[in-house]
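Trainee: This one is work_31.cif, mmCIF, C-alpha atoms.
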```cif
data_run
loop_
_atom_site.label_atom_id
_atom_site.label_comp_id
_atom_site.auth_asym_id
_atom_site.auth_seq_id
_atom_site.Cartn_x
_atom_site.Cartn_y
_atom_site.Cartn_z
CA MET A 1 -50.34 3.54 -42.06
CA ASN A 2 -48.74 6.47 -43.84
CA SER A 3 -49.72 10.03 -42.99
CA LEU A 4 -48.39 13.55 -43.43
CA ASN A 5 -47.51 15.77 -40.51
CA ARG A 6 -48.14 19.50 -40.50
CA ASN A 7 -44.89 20.11 -42.37
CA GLY A 8 -45.76 17.69 -45.14
CA ARG A 9 -43.28 15.01 -44.11
CA CYS A 10 -44.32 11.41 -44.51
CA LYS A 11 -44.86 9.41 -41.32
CA VAL A 12 -45.02 5.63 -41.13
CA VAL A 13 -47.04 4.43 -38.15
CA LEU A 14 -47.46 0.70 -37.79
CA PRO A 15 -48.76 -1.48 -34.97
CA LEU A 16 -45.99 -3.21 -33.04
CA ALA A 17 -47.09 -6.61 -34.37
CA VAL A 18 -45.72 -5.72 -37.77
CA VAL A 19 -42.65 -3.76 -36.66
CA CYS A 20 -40.26 -6.33 -38.10
CA LEU A 21 -41.75 -5.89 -41.57
CA LEU A 22 -41.26 -2.12 -41.59
CA VAL A 23 -39.32 -0.74 -44.53
CA LEU A 24 -39.14 3.02 -44.71
CA SER A 25 -39.04 4.57 -48.17
CA GLY A 26 -40.11 7.67 -50.03
CA CYS A 27 -40.39 9.93 -47.03
CA GLY A 28 -38.52 13.14 -47.83
CA GLY A 29 -37.90 16.17 -45.69
CA GLY A 30 -39.72 19.44 -46.07
CA GLY A 31 -41.50 22.25 -44.36
CA GLY A 32 -40.36 25.10 -42.20
CA GLY A 33 -38.98 25.12 -38.70
CA ALA A 34 -41.16 25.67 -35.67
CA SER A 35 -40.89 28.80 -33.57
CA GLU A 36 -39.63 28.77 -30.00
CA THR A 37 -41.35 30.20 -26.96
CA GLU A 38 -39.07 30.07 -23.94
CA SER A 39 -38.96 31.82 -20.58
CA SER A 40 -36.46 34.66 -20.47
CA GLY A 41 -34.40 36.54 -17.97
CA GLY A 42 -31.37 36.18 -15.77
CA SER A 43 -32.99 34.49 -12.80
CA SER A 44 -32.86 30.85 -11.83
CA SER A 45 -34.19 27.54 -13.05
CA SER A 46 -34.06 24.30 -11.10
CA SER A 47 -31.10 21.97 -11.17
CA SER A 48 -29.72 19.09 -9.15
CA SER A 49 -26.50 19.51 -7.20
CA SER A 50 -23.16 17.94 -8.01
CA SER A 51 -20.06 16.91 -6.15
CA SER A 52 -16.99 15.69 -7.99
CA SER A 53 -15.27 16.89 -11.14
CA SER A 54 -14.50 15.01 -14.34
CA SER A 55 -11.85 15.51 -16.97
CA SER A 56 -11.50 15.28 -20.71
CA SER A 57 -8.40 15.38 -22.86
CA SER A 58 -7.59 16.41 -26.38
CA SER A 59 -7.16 13.95 -29.20
CA SER A 60 -7.83 13.65 -32.89
CA SER A 61 -10.54 11.28 -34.08
CA SER A 62 -10.01 8.04 -35.91
CA SER A 63 -13.66 7.65 -36.78
CA SER A 64 -14.46 7.09 -40.43
CA SER A 65 -16.42 9.38 -42.74
CA SER A 66 -19.58 8.43 -44.61
CA SER A 67 -20.23 9.51 -48.15
CA SER A 68 -23.88 9.59 -49.19
CA SER A 69 -26.57 12.18 -48.51
CA SER A 70 -29.09 11.76 -45.72
CA SER A 71 -32.84 12.15 -45.86
CA SER A 72 -35.64 12.19 -43.32
CA SER A 73 -37.95 9.30 -42.61
CA SER A 74 -39.98 8.56 -39.53
CA SER A 75 -41.37 5.60 -37.67
CA SER A 76 -43.15 5.02 -34.39
CA SER A 77 -41.83 1.48 -34.31
CA SER A 78 -38.39 -0.09 -34.32
CA SER A 79 -36.59 -2.26 -36.78
CA SER A 80 -35.37 -5.59 -35.46
CA SER A 81 -32.33 -7.84 -35.81
CA SER A 82 -28.70 -7.43 -34.83
CA SER A 83 -26.66 -4.47 -33.57
CA SER A 84 -23.53 -4.03 -31.45
CA SER A 85 -23.53 -2.05 -28.24
CA SER A 86 -20.92 -0.49 -25.98
CA SER A 87 -21.00 -1.09 -22.24
CA GLY A 88 -24.64 -0.11 -21.66
CA GLY A 89 -26.50 -0.88 -18.45
CA ALA A 90 -27.76 -4.37 -17.75
CA GLY A 91 -31.27 -4.96 -19.06
CA LEU A 92 -31.24 -1.95 -21.39
CA ALA A 93 -30.33 -3.76 -24.60
CA CYS A 94 -33.43 -4.32 -26.70
CA ALA A 95 -34.29 -7.79 -27.99
CA PRO A 96 -34.70 -8.01 -30.92
CA ALA A 97 -31.93 -5.48 -31.31
CA ILE A 98 -32.47 -2.06 -32.84
CA VAL A 99 -31.24 -1.96 -36.44
CA PRO A 100 -30.80 1.66 -37.58
CA ILE A 101 -31.28 2.63 -41.21
CA PRO A 102 -27.94 4.18 -42.22
CA GLY A 103 -28.04 7.70 -43.65
CA VAL A 104 -31.73 8.13 -42.82
CA GLN A 105 -33.26 9.86 -39.80
CA THR A 106 -35.81 7.65 -38.09
CA LEU A 107 -38.25 8.73 -35.37
CA ARG A 108 -38.79 6.10 -32.69
CA ALA A 109 -41.76 6.52 -30.36
CA ALA A 110 -41.25 5.74 -26.68
CA GLY A 111 -41.45 2.03 -25.95
CA SER A 112 -41.56 1.04 -29.62
CA ALA A 113 -38.11 -0.60 -29.60
CA CYS A 114 -38.53 -2.35 -26.24
CA ALA A 115 -39.75 -1.71 -22.70
CA ALA A 116 -36.37 -0.20 -21.74
CA GLN A 117 -36.90 2.67 -24.19
CA ALA A 118 -38.36 5.32 -21.89
CA LEU A 119 -38.07 8.27 -24.29
CA GLY A 120 -39.03 8.73 -27.91
CA TYR A 121 -36.21 10.07 -30.05
CA ALA A 122 -34.89 10.85 -33.51
CA GLU A 123 -32.09 8.56 -34.63
CA TYR A 124 -29.44 9.06 -37.31
CA VAL A 125 -26.44 6.83 -38.00
CA PRO A 126 -23.81 7.29 -40.74
CA THR A 127 -24.02 5.33 -43.97
CA THR A 128 -21.05 3.13 -43.01
CA TYR A 129 -22.44 2.44 -39.54
CA ALA A 130 -22.47 -1.35 -39.93
CA SER A 131 -18.85 -1.62 -41.02
CA THR A 132 -17.32 0.50 -38.24
CA ALA A 133 -16.82 -0.79 -34.70
CA SER A 134 -17.85 2.36 -32.84
CA TRP A 135 -18.90 5.94 -33.46
CA PRO A 136 -18.91 9.27 -31.65
CA VAL A 137 -22.44 10.32 -30.68
CA ILE A 138 -24.10 13.73 -30.39
CA ILE A 139 -27.11 13.80 -28.07
CA ALA A 140 -29.17 16.88 -28.92
CA PHE A 141 -31.76 18.43 -26.59
CA HIS A 142 -34.57 20.35 -28.30
CA GLY A 143 -36.34 23.57 -27.35
CA ASN A 144 -39.84 24.12 -25.95
CA GLY A 145 -41.48 24.00 -29.36
CA GLN A 146 -40.65 20.31 -29.70
CA THR A 147 -41.68 19.10 -26.24
CA GLY A 148 -43.81 15.97 -25.99
CA THR A 149 -44.23 12.60 -24.37
CA GLY A 150 -42.43 10.68 -27.11
CA SER A 151 -45.69 9.02 -28.10
CA ALA A 152 -46.55 8.20 -31.72
CA ALA A 153 -48.73 11.33 -31.71
CA ASP A 154 -45.96 13.60 -30.35
CA ILE A 155 -42.72 12.24 -31.78
CA GLY A 156 -43.21 13.98 -35.14
CA LYS A 157 -42.40 17.31 -33.49
CA VAL A 158 -38.86 16.35 -32.50
CA ASP A 159 -37.38 17.04 -35.95
CA ASP A 160 -39.23 20.34 -36.43
CA ASP A 161 -36.16 22.29 -35.28
CA GLY A 162 -32.58 22.02 -34.12
CA LEU A 163 -30.02 19.44 -35.16
CA ALA A 164 -32.71 16.88 -36.01
CA ARG A 165 -34.24 19.47 -38.34
CA GLN A 166 -30.93 19.94 -40.15
CA ILE A 167 -30.80 16.19 -40.81
CA ALA A 168 -34.47 16.07 -41.84
CA LEU A 169 -33.84 18.75 -44.46
CA SER A 170 -30.70 16.97 -45.76
CA LYS A 171 -28.57 19.89 -44.54
CA TRP A 172 -26.46 17.45 -42.57
CA ASP A 173 -23.17 16.71 -44.28
CA PRO A 174 -22.84 12.90 -44.36
CA SER A 175 -19.09 13.26 -43.93
CA TYR A 176 -19.76 14.25 -40.31
CA ARG A 177 -18.68 11.25 -38.31
CA PHE A 178 -21.42 10.96 -35.69
CA ILE A 179 -24.44 9.07 -34.55
CA VAL A 180 -27.05 11.73 -33.68
CA LEU A 181 -29.80 11.00 -31.13
CA SER A 182 -32.41 13.64 -30.25
CA PRO A 183 -34.63 12.55 -27.33
CA GLN A 184 -38.07 14.12 -26.96
CA MET A 185 -38.62 15.49 -23.45
CA ASN A 186 -41.15 17.55 -21.53
CA THR A 187 -41.34 19.22 -18.11
CA GLN A 188 -41.56 15.84 -16.38
CA THR A 189 -38.63 14.25 -18.24
CA ARG A 190 -36.22 17.21 -18.56
CA THR A 191 -34.23 15.89 -15.63
CA ALA A 192 -30.64 14.87 -14.93
CA GLN A 193 -31.79 11.31 -14.26
CA ALA A 194 -33.63 11.08 -17.58
CA VAL A 195 -30.54 12.29 -19.45
CA HIS A 196 -28.35 9.78 -17.60
CA ASP A 197 -30.79 6.96 -18.34
CA PHE A 198 -31.02 7.88 -22.02
CA ILE A 199 -27.22 7.81 -22.33
CA GLN A 200 -27.17 4.33 -20.78
CA PHE A 201 -29.91 3.18 -23.18
CA ALA A 202 -27.98 4.60 -26.13
CA LYS A 203 -24.77 2.85 -25.07
CA ALA A 204 -26.61 -0.46 -24.75
CA ASN A 205 -28.26 -0.27 -28.18
CA TYR A 206 -25.90 1.60 -30.53
CA LYS A 207 -22.26 1.22 -31.57
CA ILE A 208 -21.12 4.18 -29.52
CA ASP A 209 -17.55 5.16 -28.73
CA THR A 210 -18.18 5.77 -25.04
CA SER A 211 -15.18 8.08 -24.80
CA ARG A 212 -16.82 10.45 -27.32
CA ILE A 213 -20.30 11.28 -26.02
CA TYR A 214 -21.09 14.90 -26.94
CA LEU A 215 -24.06 16.97 -25.76
CA THR A 216 -25.78 19.99 -27.26
CA GLY A 217 -28.92 21.81 -26.20
CA LEU A 218 -30.79 24.73 -27.69
CA SER A 219 -33.03 27.16 -25.82
CA GLY A 220 -35.14 25.19 -23.31
CA GLY A 221 -32.92 22.20 -24.02
CA GLY A 222 -30.42 23.89 -21.74
CA GLY A 223 -32.62 22.68 -18.86
CA PRO A 224 -31.79 18.97 -19.12
CA LEU A 225 -28.28 19.72 -20.41
CA TYR A 226 -27.19 21.78 -17.41
CA ALA A 227 -29.18 19.62 -14.96
CA TYR A 228 -27.15 16.61 -16.08
CA LEU A 229 -23.81 18.44 -15.96
CA ASP A 230 -24.58 19.80 -12.49
CA ALA A 231 -25.91 16.56 -10.99
CA TYR A 232 -23.25 14.24 -12.43
CA ALA A 233 -20.23 16.59 -12.35
CA GLY A 234 -20.14 16.47 -16.13
CA GLY A 235 -21.15 12.83 -16.27
CA GLU A 236 -20.03 11.04 -19.42
CA ALA A 237 -19.86 14.14 -21.61
CA ALA A 238 -16.64 14.60 -23.58
CA ALA A 239 -17.58 18.12 -24.78
CA VAL A 240 -20.69 20.32 -24.79
CA ILE A 241 -22.25 22.97 -27.07
CA PRO A 242 -25.11 25.02 -25.53
CA VAL A 243 -26.88 27.29 -28.07
CA ALA A 244 -29.11 30.09 -26.75
CA ALA A 245 -29.60 27.70 -23.86
CA ILE A 246 -31.39 28.34 -20.59
CA TYR A 247 -28.85 28.12 -17.79
CA SER A 248 -29.58 26.69 -14.34
CA PHE A 249 -27.87 29.55 -12.42
CA ALA A 250 -27.02 26.88 -9.84
CA GLY A 251 -23.37 28.00 -9.71
CA LEU A 252 -22.07 24.43 -9.96
CA GLN A 253 -19.90 24.91 -13.04
CA CYS A 254 -16.67 24.07 -11.23
CA GLY A 255 -17.96 20.54 -10.77
CA TRP A 256 -17.80 20.08 -14.54
CA LYS A 257 -15.11 22.63 -15.38
CA ASN A 258 -12.95 20.12 -17.24
CA ILE A 259 -15.64 19.39 -19.82
CA PRO A 260 -14.79 21.55 -22.88
CA VAL A 261 -17.70 23.93 -23.58
CA TRP A 262 -18.44 26.23 -26.52
CA PHE A 263 -21.33 28.62 -25.88
CA PHE A 264 -23.28 30.25 -28.73
CA HIS A 265 -25.87 33.03 -28.43
CA GLY A 266 -27.55 35.80 -30.37
CA ALA A 267 -26.73 39.32 -29.18
CA LEU A 268 -30.39 40.41 -29.47
CA ASP A 269 -31.98 37.31 -27.93
CA PRO A 270 -35.02 38.55 -25.97
CA THR A 271 -36.22 35.05 -25.00
CA VAL A 272 -33.16 33.51 -23.38
CA VAL A 273 -31.03 36.58 -22.88
CA PRO A 274 -27.25 36.28 -23.44
CA ASN A 275 -26.70 36.57 -19.69
CA HIS A 276 -27.62 32.87 -19.43
CA SER A 277 -24.55 31.89 -21.41
CA LYS A 278 -22.44 34.67 -19.88
CA GLN A 279 -23.08 33.51 -16.32
CA ALA A 280 -22.13 29.93 -17.15
CA PHE A 281 -19.05 31.12 -19.06
CA ASP A 282 -17.91 33.49 -16.31
CA GLY A 283 -18.45 30.84 -13.65
CA LEU A 284 -16.19 28.40 -15.50
CA LYS A 285 -13.48 31.02 -15.96
CA ALA A 286 -13.56 31.78 -12.21
CA CYS A 287 -12.88 28.17 -11.17
CA THR A 288 -9.64 27.47 -9.31
CA PRO A 289 -7.67 25.70 -10.63
CA ALA A 290 -8.73 26.88 -14.08
CA PRO A 291 -10.49 24.50 -16.50
CA ALA A 292 -8.14 22.22 -18.43
CA VAL A 293 -9.65 23.61 -21.66
CA ALA A 294 -10.68 27.27 -21.64
CA PRO A 295 -14.40 27.68 -22.40
CA ARG A 296 -15.33 29.35 -25.68
CA PHE A 297 -18.13 31.91 -26.17
CA THR A 298 -19.42 33.17 -29.52
CA ILE A 299 -22.16 35.80 -29.97
CA TYR A 300 -23.82 36.61 -33.29
CA THR A 301 -24.37 40.32 -34.01
CA ASN A 302 -28.00 41.36 -34.69
CA VAL A 303 -29.30 37.81 -34.17
CA ALA A 304 -32.24 37.13 -31.85
CA HIS A 305 -33.25 33.79 -30.33
CA SER A 306 -33.02 31.37 -33.25
CA SER A 307 -29.24 31.18 -33.42
CA TRP A 308 -28.98 27.39 -33.61
CA ALA A 309 -29.57 26.76 -37.32
CA ARG A 310 -26.52 28.84 -38.31
CA THR A 311 -24.52 27.13 -35.58
CA TYR A 312 -25.40 23.58 -36.60
CA ASP A 313 -25.21 24.10 -40.39
CA LEU A 314 -21.94 26.08 -40.00
CA SER A 315 -23.26 29.11 -41.90
CA GLY A 316 -22.60 31.07 -38.70
CA MET A 317 -18.91 30.91 -39.54
CA THR A 318 -19.56 33.74 -42.03
CA SER A 319 -21.88 35.72 -39.71
CA THR A 320 -20.91 39.05 -38.15
CA LEU A 321 -19.85 38.42 -34.57
CA GLU A 322 -19.53 40.42 -31.38
CA THR A 323 -16.00 40.76 -30.01
CA MET A 324 -16.84 41.62 -26.39
CA ILE A 325 -19.61 41.15 -23.84
CA GLY A 326 -18.95 43.26 -20.77
CA THR A 327 -15.28 42.67 -20.04
CA ASP A 328 -15.25 39.21 -21.65
CA VAL A 329 -13.36 38.77 -24.91
CA LEU A 330 -15.44 36.55 -27.20
CA ASN A 331 -14.30 33.80 -29.54
CA PRO A 332 -14.69 33.80 -33.33
CA TYR A 333 -16.59 31.01 -35.04
CA ASP A 334 -13.43 29.95 -36.82
CA GLN A 335 -13.68 26.17 -36.73
CA SER A 336 -16.38 23.63 -37.57
CA ILE A 337 -18.09 22.68 -34.32
CA TYR A 338 -17.92 19.05 -35.45
CA ASP A 339 -14.15 19.16 -35.83
CA TRP A 340 -13.96 20.98 -32.51
CA LEU A 341 -15.94 18.24 -30.76
CA LEU A 342 -13.76 15.47 -32.15
CA GLN A 343 -10.67 17.02 -30.56
CA TYR A 344 -11.93 15.83 -27.18
CA HIS A 345 -12.51 12.46 -25.64
CA ARG A 346 -12.74 11.07 -22.10
#
```
Is it possible to give me this structure as structure tokens?
Mentor:
Amino acid sequence: MNSLNRNGRCKVVLPLAVVCLLVLSGCGGGGGGASETESSGGSSSSSSSSSSSSSSSSSSSSSSSSSSSSSSSSSSSSSSSSSSSSSGGAGLACAPAIVPIPGVQTLRAAGSACAAQALGYAEYVPTTYASTASWPVIIAFHGNGQTGTGSAADIGKVDDDGLARQIALSKWDPSYRFIVLSPQMNTQTRTAQAVHDFIQFAKANYKIDTSRIYLTGLSGGGGPLYAYLDAYAGGEAAAVIPVAAIYSFAGLQCGWKNIPVWFFHGALDPTVVPNHSKQAFDGLKACTPAPAVAPRFTIYTNVAHSSWARTYDLSGMTSTLETMIGTDVLNPYDQSIYDWLLQYHR
């Protein structure tokens, strides 16, 4: 059954019995982004504790580029047939295998691919996905406006904002050399364990270069992002980009100090005030020994909470930027974040 969501984008919702016959076509992007409503302040939010530290090193990428434009399509069911996977957990590989539609963003409701799929998510793979052995992956955590259970009724919200929104509106440059997965989470699933489990599911079902797993979170998406970093001492992340992200204030940054991090924030953010990013940034700088890669921090002048669109579409590179916050010298937005990510691998 085809239907339109509130932004006018076509949705394809089929019963699981006919999943294998699903062919997505004619579903273009459109509509405006959703607004965010997050809790503000410089107090604390919950996070698990961590113990050991992990390291990442610098390297250039050998991943290939894709060349055609991407569009947005959605489905509450999975395609079936063959797909390669990289060292995922036992029992997490779906059968039949997930077959992504290259160059098209697909929404997969929780459990629609197989029983191991605990979370619904948006999926994008490059146009040359099938012909390349493995790909870097960006796992993007959404804000509070996109929360949901991952059900067929909720999954349509996940591409209303953030990185998934950029892809839905064809603002994603297909030359970017990444798989992009955007899991839908809520207060029950924004946990370190859920992030860990989703990474294992992704490794088992997609052609992922497991040395190049990158994380980004906007606004309330900082909750699961920092919970995972804190609990798993950086876990499998090769580099991280928090954008206007809620910080845990757990003070456990030194456990993941060797994960390269680039913080972005709006100077006038009243919802998640810049102190969230500043505290995480300052904590990393205070670690002894110092992080292997110095953390970066960029603040947009006269920008409030919604600072992620300009970060993800790179238009922020021409924005007016702050040069200082307190005694901290800030970094310019002088390099594509996608090129920056690909410098690092585990």
Trainee: Please write as an MDAnalysis selection string the full residue list that the PyMOL selection byres ((chain A and resi 273) around 9) yields on this file.
Mentor: chainID A and resid 40:42 244 246 265:272 274:277 305
Trainee: Counting all atoms listed in the file, I want the residues whose atoms come within 10 Å of (-33.8, 13.2, -17.2) in the file frame, returned as number ranges by chain.
Mentor: A: 119, 185-199, 223-225, 227-228
Trainee: Distance CA of Asn258 (chain A)-CA of Pro291 (chain A), one decimal place?
Mentor: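 Rounded to one decimal, the two atoms are 5.1 Å apart.
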Trainee: Here's the selection I'm unsure about, the PyMOL selection byres ((chain A and resi 235) around 12); applied to the file above, which residues does it give, as an MDAnalysis selection string?
Mentor: chainID A and resid 50:56 192:193 195:197 199:200 210:211 213:215 225:234 236:240 255:259 346
Trainee: What separation in Å, quoted to one decimal, exists between CA of Gly221 (chain A) and CA of Asp313 (chain A)?
Mentor: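 Those two atoms sit 18.2 Å apart.
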Trainee: Suppose a student applies the PyMOL selection byres ((chain A and resi 115) around 10) to this structure; what residues should they get, written as a ChimeraX atom specification?
Mentor: /A:91-95,110-114,116-118
Trainee: CA of Asp154 (chain A) and CA of Ile101 (chain A), how far apart in Å?
Mentor: 21.3 Å
Trainee: Fewer than 6 positions away in the same chain doesn't count, so skip those; otherwise give me all residues within 12 Å of Phe264 (chain A), counting all atoms listed in the file, as a ChimeraX atom specification.
Mentor: /A:216-219,222,240-246,272-278,280-281,295-301,303-312,316-317,321-322,330-333,337
Trainee: Can you find the residues with an atom no farther than 10 Å from (-47.6, 8.2, -27.9), counting only C-alpha atoms, and report them as a PyMOL selection string?
Mentor: chain A and resi 76+109-112+120+148-155
